[in-house]
$ cat coords-v2.csv   # CSV, C-alpha atoms
chain,number,residue,atom,x,y,z
A,1,MET,CA,0.0,0.0,0.0
A,2,LYS,CA,3.1,2.2,0.1
A,3,LYS,CA,2.7,3.0,-3.6
A,4,ILE,CA,-0.2,5.3,-2.9
A,5,TRP,CA,2.4,7.9,-1.8
A,6,VAL,CA,3.7,7.8,-5.4
A,7,THR,CA,0.4,7.7,-7.2
A,8,LEU,CA,-1.4,10.4,-5.3
A,9,PRO,CA,1.2,13.1,-5.9
A,10,LEU,CA,1.3,12.0,-9.5
A,11,ALA,CA,-2.5,12.3,-9.8
A,12,ALA,CA,-2.4,15.7,-8.1
A,13,PHE,CA,0.3,16.8,-10.6
A,14,ALA,CA,-1.8,15.6,-13.5
A,15,LEU,CA,-4.8,17.5,-12.1
A,16,SER,CA,-2.9,20.7,-11.6
A,17,ALA,CA,-1.5,20.5,-15.2
A,18,CYS,CA,-5.1,20.4,-16.4
A,19,VAL,CA,-6.0,23.5,-14.4
A,20,THR,CA,-2.9,25.3,-15.7
A,21,ILE,CA,-3.7,24.5,-19.3
A,22,ASN,CA,-7.2,25.8,-18.9
A,23,ILE,CA,-5.9,29.2,-17.8
A,24,TYR,CA,-4.0,29.8,-21.1
A,25,PHE,CA,-5.8,31.4,-24.0
A,26,PRO,CA,-6.6,28.7,-26.6
A,27,ALA,CA,-5.2,30.7,-29.6
A,28,ALA,CA,-5.8,28.1,-32.3
A,29,ALA,CA,-9.3,27.5,-31.2
A,30,ALA,CA,-9.9,31.3,-31.1
A,31,GLU,CA,-8.7,31.6,-34.6
A,32,LYS,CA,-11.0,28.9,-35.8
A,33,ALA,CA,-13.9,30.4,-34.0
A,34,ALA,CA,-13.1,33.8,-35.4
A,35,ASP,CA,-13.0,32.4,-38.9
A,36,LYS,CA,-16.4,30.8,-38.4
A,37,ILE,CA,-18.0,34.0,-37.2
A,38,ILE,CA,-16.4,36.1,-40.0
A,39,ASP,CA,-17.6,33.6,-42.6
A,40,GLU,CA,-21.1,34.0,-41.3
A,41,VAL,CA,-21.0,37.8,-40.9
A,42,TRP,CA,-19.4,38.4,-44.3
A,43,GLN,CA,-21.2,35.5,-46.0
A,44,THR,CA,-17.9,34.2,-47.3
A,45,GLN,CA,-18.2,30.5,-46.7
A,46,LYS,CA,-17.2,28.7,-49.8
A,47,ALA,CA,-17.9,25.0,-50.0
A,48,ASP,CA,-19.6,24.7,-46.6
A,49,LYS,CA,-23.3,25.0,-47.4
A,50,PRO,CA,-23.8,27.5,-50.2
A,51,ALA,CA,-27.5,27.0,-50.7
A,52,ALA,CA,-28.5,27.1,-47.1
A,53,ASN,CA,-28.3,30.9,-46.7
A,54,GLN,CA,-30.7,33.6,-47.6
A,55,PRO,CA,-30.6,34.4,-51.3
A,56,ALA,CA,-30.6,38.2,-50.9
A,57,ALA,CA,-27.2,38.4,-49.3
A,58,LYS,CA,-25.2,38.8,-52.5
A,59,GLU,CA,-23.8,42.3,-53.4
A,60,THR,CA,-25.2,43.8,-56.6
A,61,LYS,CA,-22.6,46.3,-57.6
B,1,MET,CA,-2.6,-2.5,-5.2
B,2,ASN,CA,-4.5,-3.2,-8.4
B,3,ALA,CA,-7.2,-0.9,-7.2
B,4,VAL,CA,-4.8,2.0,-6.7
B,5,LEU,CA,-3.3,1.5,-10.1
B,6,LYS,CA,-6.8,1.5,-11.6
B,7,LEU,CA,-7.6,4.7,-9.8
B,8,PHE,CA,-4.5,6.3,-11.0
B,9,VAL,CA,-5.2,5.3,-14.6
B,10,ALA,CA,-8.7,6.6,-14.3
B,11,ILE,CA,-7.5,10.0,-13.0
B,12,VAL,CA,-5.0,10.3,-15.7
B,13,ALA,CA,-7.6,9.5,-18.4
B,14,LEU,CA,-10.0,12.0,-16.8
B,15,THR,CA,-7.4,14.8,-16.7
B,16,ALA,CA,-6.3,14.0,-20.2
B,17,ALA,CA,-9.9,14.3,-21.4
B,18,LEU,CA,-10.4,17.5,-19.5
B,19,ASN,CA,-7.2,18.9,-21.1
B,20,VAL,CA,-8.5,18.1,-24.6
B,21,PHE,CA,-11.8,19.6,-23.7
B,22,ALA,CA,-10.2,22.8,-22.4
B,23,ALA,CA,-7.8,23.2,-25.3
B,24,ALA,CA,-10.0,22.1,-28.2
B,25,ASP,CA,-12.7,24.6,-28.4
B,26,LEU,CA,-13.9,28.1,-27.7
B,27,GLU,CA,-17.6,28.3,-27.1
B,28,VAL,CA,-19.2,30.6,-29.6
B,29,ASN,CA,-22.6,29.1,-29.9
B,30,THR,CA,-24.6,31.0,-27.4
B,31,PRO,CA,-27.8,33.0,-27.8
B,32,GLY,CA,-25.9,36.2,-27.1
B,33,VAL,CA,-23.2,35.5,-29.7
B,34,ASN,CA,-25.7,34.4,-32.3
B,35,ALA,CA,-27.8,37.6,-31.8
B,36,ILE,CA,-24.8,39.8,-32.3
B,37,LYS,CA,-23.7,37.8,-35.3
B,38,GLN,CA,-27.0,38.2,-37.0
B,39,SER,CA,-27.1,41.9,-36.3
B,40,MET,CA,-23.6,42.2,-37.9
B,41,GLN,CA,-24.6,40.0,-40.8
B,42,ALA,CA,-27.6,42.2,-41.6
B,43,ARG,CA,-25.5,45.4,-41.3
B,44,HIS,CA,-22.8,44.0,-43.6
B,45,THR,CA,-24.9,44.4,-46.7
B,46,GLN,CA,-24.9,48.1,-46.0
B,47,LEU,CA,-21.2,48.3,-44.9
B,48,ALA,CA,-19.8,46.3,-47.8
B,49,GLY,CA,-20.2,49.1,-50.3
B,50,HIS,CA,-18.3,51.4,-48.0
B,51,TYR,CA,-15.5,48.9,-47.6
B,52,ASN,CA,-15.3,48.7,-51.4
B,53,SER,CA,-15.2,52.4,-51.8
B,54,GLY,CA,-12.5,52.8,-49.1
B,55,ALA,CA,-14.7,55.0,-47.0
B,56,VAL,CA,-14.6,52.5,-44.2
B,57,GLY,CA,-11.6,50.4,-43.2
B,58,LEU,CA,-10.8,47.6,-40.8
B,59,THR,CA,-8.7,48.8,-37.8
B,60,ALA,CA,-5.8,47.0,-36.1
B,61,ASP,CA,-7.8,46.7,-32.9
B,62,GLY,CA,-10.7,44.7,-34.4
B,63,MET,CA,-13.0,47.6,-35.1
B,64,VAL,CA,-14.1,49.6,-38.2
B,65,ALA,CA,-13.4,53.2,-38.8
B,66,LEU,CA,-14.4,56.0,-41.3
B,67,ARG,CA,-11.0,56.5,-42.9
B,68,ASP,CA,-12.0,58.6,-46.0
B,69,ALA,CA,-15.1,60.7,-45.4
B,70,GLY,CA,-14.6,62.2,-48.8
B,71,ALA,CA,-15.6,58.9,-50.4
B,72,VAL,CA,-19.0,59.3,-49.0
B,73,PRO,CA,-21.5,61.8,-50.4
B,74,LEU,CA,-22.2,64.5,-47.8
B,75,ALA,CA,-25.8,63.5,-47.5
B,76,GLN,CA,-24.9,60.0,-46.6
B,77,ARG,CA,-22.1,60.8,-44.2
B,78,GLN,CA,-24.2,60.8,-41.1
B,79,ALA,CA,-25.7,57.4,-42.0
B,80,VAL,CA,-22.2,56.0,-42.5
B,81,ASN,CA,-21.1,57.3,-39.1
B,82,ALA,CA,-24.1,55.7,-37.5
B,83,LEU,CA,-23.3,52.4,-39.3
B,84,VAL,CA,-19.7,52.5,-38.1
B,85,ALA,CA,-20.8,53.3,-34.5
B,86,ALA,CA,-23.3,50.5,-34.5
B,87,GLU,CA,-20.9,48.0,-36.0
B,88,ASN,CA,-18.2,48.9,-33.3
B,89,ASN,CA,-20.8,48.5,-30.6
B,90,ASP,CA,-21.6,45.0,-31.9
B,91,ARG,CA,-18.0,44.1,-32.2
B,92,ASN,CA,-17.2,45.2,-28.6
B,93,ALA,CA,-20.2,43.2,-27.4
B,94,LEU,CA,-19.1,40.2,-29.5
B,95,TYR,CA,-15.6,40.0,-28.0
B,96,ALA,CA,-17.0,40.5,-24.5
B,97,GLU,CA,-19.7,37.9,-25.0
B,98,ILE,CA,-17.3,35.2,-26.3
B,99,ALA,CA,-15.0,35.8,-23.3
B,100,ASN,CA,-17.9,35.6,-20.9
B,101,ALA,CA,-19.4,32.6,-22.6
B,102,ASN,CA,-16.2,30.7,-21.9
B,103,ASN,CA,-16.0,31.9,-18.3
B,104,HIS,CA,-12.8,33.8,-19.0
B,105,PRO,CA,-13.7,37.5,-19.1
B,106,GLU,CA,-10.0,38.2,-19.0
B,107,TRP,CA,-9.6,36.7,-22.5
B,108,GLN,CA,-11.4,39.6,-24.1
B,109,ALA,CA,-8.3,41.4,-25.2
B,110,GLU,CA,-6.9,38.3,-26.8
B,111,ILE,CA,-10.1,37.5,-28.5
B,112,ARG,CA,-10.2,41.0,-29.9
B,113,SER,CA,-6.7,40.8,-31.3
B,114,THR,CA,-7.4,37.3,-32.8
B,115,PHE,CA,-10.4,38.8,-34.5
B,116,ALA,CA,-8.5,41.8,-35.6
B,117,GLN,CA,-5.9,39.7,-37.4
B,118,ARG,CA,-8.5,37.5,-39.0
B,119,TRP,CA,-10.8,40.3,-40.2
B,120,ILE,CA,-7.8,41.9,-41.8
B,121,GLN,CA,-6.4,38.7,-43.2
B,122,ARG,CA,-9.7,37.8,-44.8
B,123,ALA,CA,-10.6,41.3,-46.0
B,124,GLN,CA,-11.4,41.3,-49.7
B,125,PRO,CA,-9.1,42.8,-52.3
B,126,GLY,CA,-9.6,46.6,-52.5
B,127,TRP,CA,-10.6,47.0,-48.9
B,128,TRP,CA,-8.5,49.2,-46.6
B,129,VAL,CA,-6.9,47.7,-43.5
B,130,GLN,CA,-4.8,49.2,-40.8
B,131,GLY,CA,-1.4,47.7,-40.2
B,132,SER,CA,1.6,48.8,-38.1
B,133,GLY,CA,2.5,51.4,-40.7
B,134,GLY,CA,-1.0,52.9,-41.1
B,135,TRP,CA,-3.7,52.2,-43.7
B,136,LYS,CA,-3.1,50.1,-46.7
B,137,GLN,CA,-5.2,48.7,-49.4
B,138,LYS,CA,-5.5,45.0,-49.9
$ encode --input "coords-v2.csv" --output "structure tokens"
Amino acid sequence: MKKIWVTLPLAAFALSACVTINIYFPAAAAEKAADKIIDEVWQTQKADKPAANQPAAKETK
Amino acid sequence: MNAVLKLFVAIVALTAALNVFAAADLEVNTPGVNAIKQSMQARHTQLAGHYNSGAVGLTADGMVALRDAGAVPLAQRQAVNALVAAENNDRNALYAEIANANNHPEWQAEIRSTFAQRWIQRAQPGWWVQGSGGWKQK
């Protein structure tokens, strides 16, 4: 039962690593999220679902 | 002993799963975000022409700005100013809403700068964007 003194600190370390990671800003995910929102606001999505949007969104210039 | 080992493996698996969850995604699918998005989408049909004419440009801090009032007929200038102000209101609200939706209000500045880069990177040819050296046309 002595090994519990090894496993418990290890588990605690793993847990703290998790908390640490959660504090950092997820830059890659943010970029992905930004692109998704920009696509929707500017109506620039290409192959995604072209027909699913409202028809009057195209610029007539 | 076997039980302790199993517990340890379970905890590692759980923390790994949490790590992936924390790093993989930013929550942007909330009613607040969607409402702002729709408002911006509707406004874009009016703003697009001003991006094309160069009257309005994309700033380095994730906003829009009237950069060439001369490109707008005098009669329309007030309307454009209102458009720009409303768009910037929405953009501020969007960045704050995304940060709050992820329970990290302190991420707002980073979300703003991420958006600023992406708006500028994805701006269409002919639009004006603000870089470190001032305005330039894409």
$ atom_distance --input "coords-v2.csv" --atom1 "CA of Val9 (chain B)" --atom2 "CA of Leu26 (chain B)"
27.7 Å
$ atom_distance --input "coords-v2.csv" --atom1 "CA of Val28 (chain B)" --atom2 "CA of Trp42 (chain A)"
16.6 Å
$ atom_distance --input "coords-v2.csv" --atom1 "CA of Asn103 (chain B)" --atom2 "CA of Ile23 (chain A)"
10.5 Å
$ residues_around --input "coords-v2.csv" --residues "Trp128 (chain B)" --least-positions-apart "3" --cutoff "7 Å" --atoms "only C-alpha atoms" --output "list of chain:residue names"
B:Gly54, B:Gly57, B:Leu58, B:Trp135, B:Lys136, B:Gln137, B:Lys138
$ closest_residue --input "coords-v2.csv" --among "B:Asn100, B:Gln130, B:Asn92, B:Asn34" --to "chain A" --atoms "all atoms listed in the file"
B:Asn34
$ closest_residue --input "coords-v2.csv" --among "B:Met40, B:Val84, B:Val64, B:Ala35" --to "chain A" --atoms "only C-alpha atoms"
B:Met40
$ closest_residue --input "coords-v2.csv" --among "B:His50, B:Arg43, B:His104, B:Lys6" --to "Asn88 (chain B)" --atoms "only C-alpha atoms"
B:Arg43
$ residues_around --input "coords-v2.csv" --residues "Ala96 (chain B)" --least-positions-apart "4" --cutoff "12 Å" --atoms "only C-alpha atoms" --output "NGL selection string"
:B and (28 or 32-33 or 36 or 89-92 or 100-112)
$ residues_near_point --input "coords-v2.csv" --point "(-12.0, 28.7, -27.0)" --cutoff "9 Å" --atoms "only C-alpha atoms" --output "ChimeraX atom specification"
/A:25-33 /B:22-28,98-99,102
$ residues_around --input "coords-v2.csv" --residues "Ile38 (chain A)" --least-positions-apart "6" --cutoff "10 Å" --atoms "only C-alpha atoms" --output "VMD selection string"
(chain A and resid 32 44 to 45) or (chain B and resid 37 40 to 41 115 118 to 119 122 to 123)
